[in-house]
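Asks: My structure is in protein-v5.txt, and what it holds is compact mmCIF, N, CA and C atoms:
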# COMPACT_ATOMS: atom_id res chain seq x y z
N MET A 1 8.60 -7.63 -7.34
CA MET A 1 7.27 -7.33 -6.83
C MET A 1 7.08 -5.81 -6.88
N GLU A 2 5.92 -5.40 -7.34
CA GLU A 2 5.57 -3.99 -7.45
C GLU A 2 4.48 -3.68 -6.42
N ILE A 3 4.77 -2.77 -5.51
CA ILE A 3 3.83 -2.40 -4.47
C ILE A 3 3.53 -0.91 -4.60
N LYS A 4 2.25 -0.57 -4.59
CA LYS A 4 1.85 0.83 -4.63
C LYS A 4 0.99 1.14 -3.42
N ILE A 5 1.29 2.28 -2.80
CA ILE A 5 0.48 2.77 -1.70
C ILE A 5 -0.28 3.97 -2.24
N LEU A 6 -1.59 3.86 -2.26
CA LEU A 6 -2.43 4.92 -2.79
C LEU A 6 -2.95 5.76 -1.64
N GLY A 7 -2.68 7.05 -1.71
CA GLY A 7 -3.15 7.95 -0.66
C GLY A 7 -2.63 9.35 -0.87
N THR A 8 -3.32 10.29 -0.29
CA THR A 8 -3.00 11.70 -0.52
C THR A 8 -2.00 12.28 0.46
N GLY A 9 -1.50 11.49 1.37
CA GLY A 9 -0.53 11.99 2.34
C GLY A 9 -1.09 12.18 3.73
N CYS A 10 -2.28 11.68 3.98
CA CYS A 10 -2.89 11.78 5.31
C CYS A 10 -2.13 10.89 6.30
N PRO A 11 -2.35 11.06 7.59
CA PRO A 11 -1.66 10.22 8.58
C PRO A 11 -1.87 8.72 8.37
N SER A 12 -3.06 8.31 7.97
CA SER A 12 -3.32 6.89 7.71
C SER A 12 -2.50 6.39 6.53
N CYS A 13 -2.39 7.22 5.51
CA CYS A 13 -1.62 6.85 4.32
C CYS A 13 -0.15 6.68 4.68
N LYS A 14 0.36 7.59 5.49
CA LYS A 14 1.75 7.51 5.93
C LYS A 14 1.98 6.28 6.80
N ALA A 15 1.01 5.96 7.65
CA ALA A 15 1.13 4.78 8.51
C ALA A 15 1.15 3.50 7.68
N LEU A 16 0.32 3.44 6.64
CA LEU A 16 0.31 2.25 5.77
C LEU A 16 1.64 2.13 5.04
N GLU A 17 2.18 3.23 4.57
CA GLU A 17 3.47 3.19 3.89
C GLU A 17 4.56 2.69 4.83
N GLU A 18 4.57 3.20 6.04
CA GLU A 18 5.58 2.78 7.03
C GLU A 18 5.46 1.29 7.34
N ALA A 19 4.24 0.81 7.56
CA ALA A 19 4.02 -0.60 7.87
C ALA A 19 4.41 -1.48 6.68
N THR A 20 4.11 -1.03 5.48
CA THR A 20 4.45 -1.80 4.27
C THR A 20 5.96 -1.90 4.12
N ARG A 21 6.65 -0.79 4.28
CA ARG A 21 8.12 -0.80 4.17
C ARG A 21 8.74 -1.72 5.23
N LYS A 22 8.17 -1.71 6.43
CA LYS A 22 8.68 -2.59 7.50
C LYS A 22 8.45 -4.05 7.14
N ALA A 23 7.28 -4.38 6.62
CA ALA A 23 6.98 -5.76 6.23
C ALA A 23 7.93 -6.24 5.13
N VAL A 24 8.17 -5.40 4.14
CA VAL A 24 9.07 -5.76 3.04
C VAL A 24 10.49 -6.00 3.57
N THR A 25 10.94 -5.13 4.47
CA THR A 25 12.27 -5.27 5.05
C THR A 25 12.38 -6.55 5.86
N GLU A 26 11.39 -6.80 6.71
CA GLU A 26 11.41 -8.00 7.56
C GLU A 26 11.37 -9.28 6.73
N MET A 27 10.67 -9.24 5.61
CA MET A 27 10.57 -10.43 4.75
C MET A 27 11.72 -10.52 3.76
N GLU A 28 12.56 -9.49 3.73
CA GLU A 28 13.70 -9.42 2.82
C GLU A 28 13.27 -9.63 1.37
N LEU A 29 12.21 -8.93 0.98
CA LEU A 29 11.68 -9.05 -0.38
C LEU A 29 12.38 -8.09 -1.32
N ASP A 30 12.44 -8.51 -2.58
CA ASP A 30 12.91 -7.63 -3.64
C ASP A 30 11.67 -6.96 -4.19
N ALA A 31 11.35 -5.79 -3.67
CA ALA A 31 10.12 -5.11 -4.05
C ALA A 31 10.38 -3.64 -4.29
N ARG A 32 9.64 -3.08 -5.22
CA ARG A 32 9.69 -1.65 -5.48
C ARG A 32 8.41 -1.05 -4.91
N ILE A 33 8.57 -0.12 -3.98
CA ILE A 33 7.42 0.51 -3.34
C ILE A 33 7.28 1.92 -3.89
N THR A 34 6.08 2.21 -4.39
CA THR A 34 5.79 3.51 -4.96
C THR A 34 4.62 4.14 -4.21
N LYS A 35 4.72 5.42 -3.91
CA LYS A 35 3.63 6.16 -3.27
C LYS A 35 2.89 6.92 -4.37
N VAL A 36 1.60 6.69 -4.49
CA VAL A 36 0.77 7.35 -5.50
C VAL A 36 -0.13 8.35 -4.78
N GLU A 37 0.09 9.64 -5.06
CA GLU A 37 -0.69 10.69 -4.41
C GLU A 37 -1.62 11.42 -5.37
N ASP A 38 -1.48 11.15 -6.66
CA ASP A 38 -2.30 11.81 -7.67
C ASP A 38 -3.73 11.24 -7.64
N MET A 39 -4.70 12.10 -7.34
CA MET A 39 -6.10 11.63 -7.21
C MET A 39 -6.62 10.99 -8.48
N ALA A 40 -6.26 11.50 -9.64
CA ALA A 40 -6.72 10.90 -10.90
C ALA A 40 -6.23 9.47 -11.03
N GLU A 41 -4.97 9.24 -10.67
CA GLU A 41 -4.43 7.88 -10.75
C GLU A 41 -5.07 6.97 -9.71
N ILE A 42 -5.31 7.51 -8.51
CA ILE A 42 -5.97 6.72 -7.47
C ILE A 42 -7.38 6.33 -7.92
N LEU A 43 -8.10 7.26 -8.51
CA LEU A 43 -9.45 6.98 -9.00
C LEU A 43 -9.45 5.97 -10.14
N ASN A 44 -8.36 5.90 -10.91
CA ASN A 44 -8.25 4.90 -11.98
C ASN A 44 -8.30 3.48 -11.42
N TYR A 45 -7.92 3.32 -10.17
CA TYR A 45 -7.99 2.01 -9.51
C TYR A 45 -9.39 1.75 -8.95
N GLY A 46 -10.27 2.74 -9.03
CA GLY A 46 -11.61 2.59 -8.47
C GLY A 46 -11.64 2.79 -6.96
N ILE A 47 -10.62 3.39 -6.42
CA ILE A 47 -10.51 3.60 -4.98
C ILE A 47 -11.22 4.91 -4.61
N MET A 48 -12.14 4.82 -3.67
CA MET A 48 -12.85 6.01 -3.21
C MET A 48 -12.43 6.38 -1.78
N THR A 49 -11.86 5.43 -1.05
CA THR A 49 -11.39 5.71 0.30
C THR A 49 -9.93 5.26 0.41
N THR A 50 -9.11 6.15 0.92
CA THR A 50 -7.71 5.81 1.08
C THR A 50 -7.40 5.61 2.56
N PRO A 51 -6.32 4.96 2.89
CA PRO A 51 -5.28 4.48 2.01
C PRO A 51 -5.65 3.16 1.35
N ALA A 52 -4.88 2.80 0.34
CA ALA A 52 -5.07 1.52 -0.32
C ALA A 52 -3.70 0.93 -0.65
N LEU A 53 -3.66 -0.38 -0.76
CA LEU A 53 -2.42 -1.09 -1.04
C LEU A 53 -2.65 -1.95 -2.29
N VAL A 54 -1.77 -1.79 -3.26
CA VAL A 54 -1.85 -2.53 -4.52
C VAL A 54 -0.57 -3.34 -4.65
N VAL A 55 -0.71 -4.65 -4.84
CA VAL A 55 0.44 -5.54 -5.00
C VAL A 55 0.36 -6.19 -6.37
N ASP A 56 1.37 -5.94 -7.19
CA ASP A 56 1.42 -6.47 -8.56
C ASP A 56 0.12 -6.22 -9.32
N GLY A 57 -0.41 -5.00 -9.19
CA GLY A 57 -1.59 -4.58 -9.93
C GLY A 57 -2.92 -4.97 -9.31
N LYS A 58 -2.90 -5.71 -8.20
CA LYS A 58 -4.14 -6.16 -7.56
C LYS A 58 -4.36 -5.39 -6.25
N ILE A 59 -5.54 -4.84 -6.08
CA ILE A 59 -5.89 -4.13 -4.85
C ILE A 59 -6.09 -5.17 -3.75
N VAL A 60 -5.27 -5.08 -2.70
CA VAL A 60 -5.38 -6.06 -1.61
C VAL A 60 -5.93 -5.44 -0.33
N LEU A 61 -5.97 -4.10 -0.27
CA LEU A 61 -6.46 -3.43 0.93
C LEU A 61 -6.92 -2.03 0.56
N LYS A 62 -8.05 -1.61 1.14
CA LYS A 62 -8.48 -0.22 0.90
C LYS A 62 -9.27 0.28 2.09
N GLY A 63 -9.10 1.58 2.35
CA GLY A 63 -9.90 2.25 3.36
C GLY A 63 -9.45 2.10 4.79
N ARG A 64 -8.29 1.47 5.03
CA ARG A 64 -7.82 1.31 6.40
C ARG A 64 -6.32 1.01 6.42
N VAL A 65 -5.75 1.10 7.60
CA VAL A 65 -4.34 0.76 7.78
C VAL A 65 -4.25 -0.67 8.30
N ALA A 66 -3.36 -1.44 7.72
CA ALA A 66 -3.17 -2.83 8.15
C ALA A 66 -1.93 -2.91 9.03
N SER A 67 -1.88 -3.94 9.85
CA SER A 67 -0.69 -4.19 10.67
C SER A 67 0.42 -4.75 9.79
N VAL A 68 1.62 -4.72 10.29
CA VAL A 68 2.76 -5.29 9.56
C VAL A 68 2.50 -6.77 9.28
N GLU A 69 1.99 -7.49 10.26
CA GLU A 69 1.72 -8.93 10.09
C GLU A 69 0.66 -9.18 9.01
N GLU A 70 -0.36 -8.35 8.97
CA GLU A 70 -1.40 -8.51 7.95
C GLU A 70 -0.82 -8.22 6.57
N ILE A 71 0.01 -7.21 6.47
CA ILE A 71 0.62 -6.88 5.18
C ILE A 71 1.50 -8.02 4.70
N LYS A 72 2.20 -8.65 5.62
CA LYS A 72 3.05 -9.80 5.24
C LYS A 72 2.21 -10.89 4.58
N LYS A 73 1.00 -11.11 5.05
CA LYS A 73 0.13 -12.12 4.44
C LYS A 73 -0.23 -11.73 3.01
N PHE A 74 -0.43 -10.45 2.76
CA PHE A 74 -0.74 -9.99 1.40
C PHE A 74 0.46 -10.18 0.48
N LEU A 75 1.66 -10.12 1.03
CA LEU A 75 2.88 -10.18 0.21
C LEU A 75 3.39 -11.58 -0.04
N LYS A 76 2.82 -12.57 0.62
CA LYS A 76 3.28 -13.96 0.42
C LYS A 76 2.85 -14.49 -0.92
Using structure tokens, write down the structure from this file.

Replies:
Amino acid sequence: MEIKILGTGCPSCKALEEATRKAVTEMELDARITKVEDMAEILNYGIMTTPALVVDGKIVLKGRVASVEEIKKFLK
């Protein structure tokens, strides 16, 4: 599973990364988590508000931080 966290490093972006890592650990998933901070790459996804979460190339969340439980639903 390929997971990307899109964000420039703001507190919300860091919170989403932390919650995502916790969800992956709790679910014992084999996943690669990448943090994307380059604005050009973020804009390539059509994202105008960060943070955003991309799972296997599909945008599943944008513009807010999700709870660990909500992220688990995206990863199932």

Asks: Between atom CA of A:Ala52 and atom CA of A:Thr34, what is the distance, to one decimal in Å?

Replies: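 So the two atoms, atom CA of A:Ala52 and atom CA of A:Thr34, lie 12.0 Å apart.
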
Asks: Nearest to A:Ala40 among A:Leu6, A:Ala66, A:Ile59, A:Met27, with distances taken over only C-alpha atoms: which residue is it?

Replies: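 Selected residue with least distance to A:Ala40: A:Leu6.
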
Asks: Have a look at atom N of A:Gly57 and atom C of A:Lys4 and let me know their distance in Å, one decimal.

Replies: 8.5 Å

Asks: Have a look at A:Leu29, A:Val65, A:Ile42, A:Met48 and name the one nearest to A:Met1; count only N, CA and C atoms.

Replies: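 Of A:Leu29, A:Val65, A:Ile42, A:Met48, the one nearest A:Met1 is A:Leu29, counting only N, CA and C atoms.
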
Asks: Between atom CA of A:Ile5 and atom CA of A:Asp30, what is the distance in Å, rounded to a tenth?

Replies: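 Computing it gives 16.3 Å between the two atoms.
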
Asks: From a DSSP pass on the backbone, collect the residues of chain A flagged as helix (DSSP H, G or I) and hand them back as a VMD selection string.

Replies: chain A and resid 11 to 27 39 to 44 68 to 75
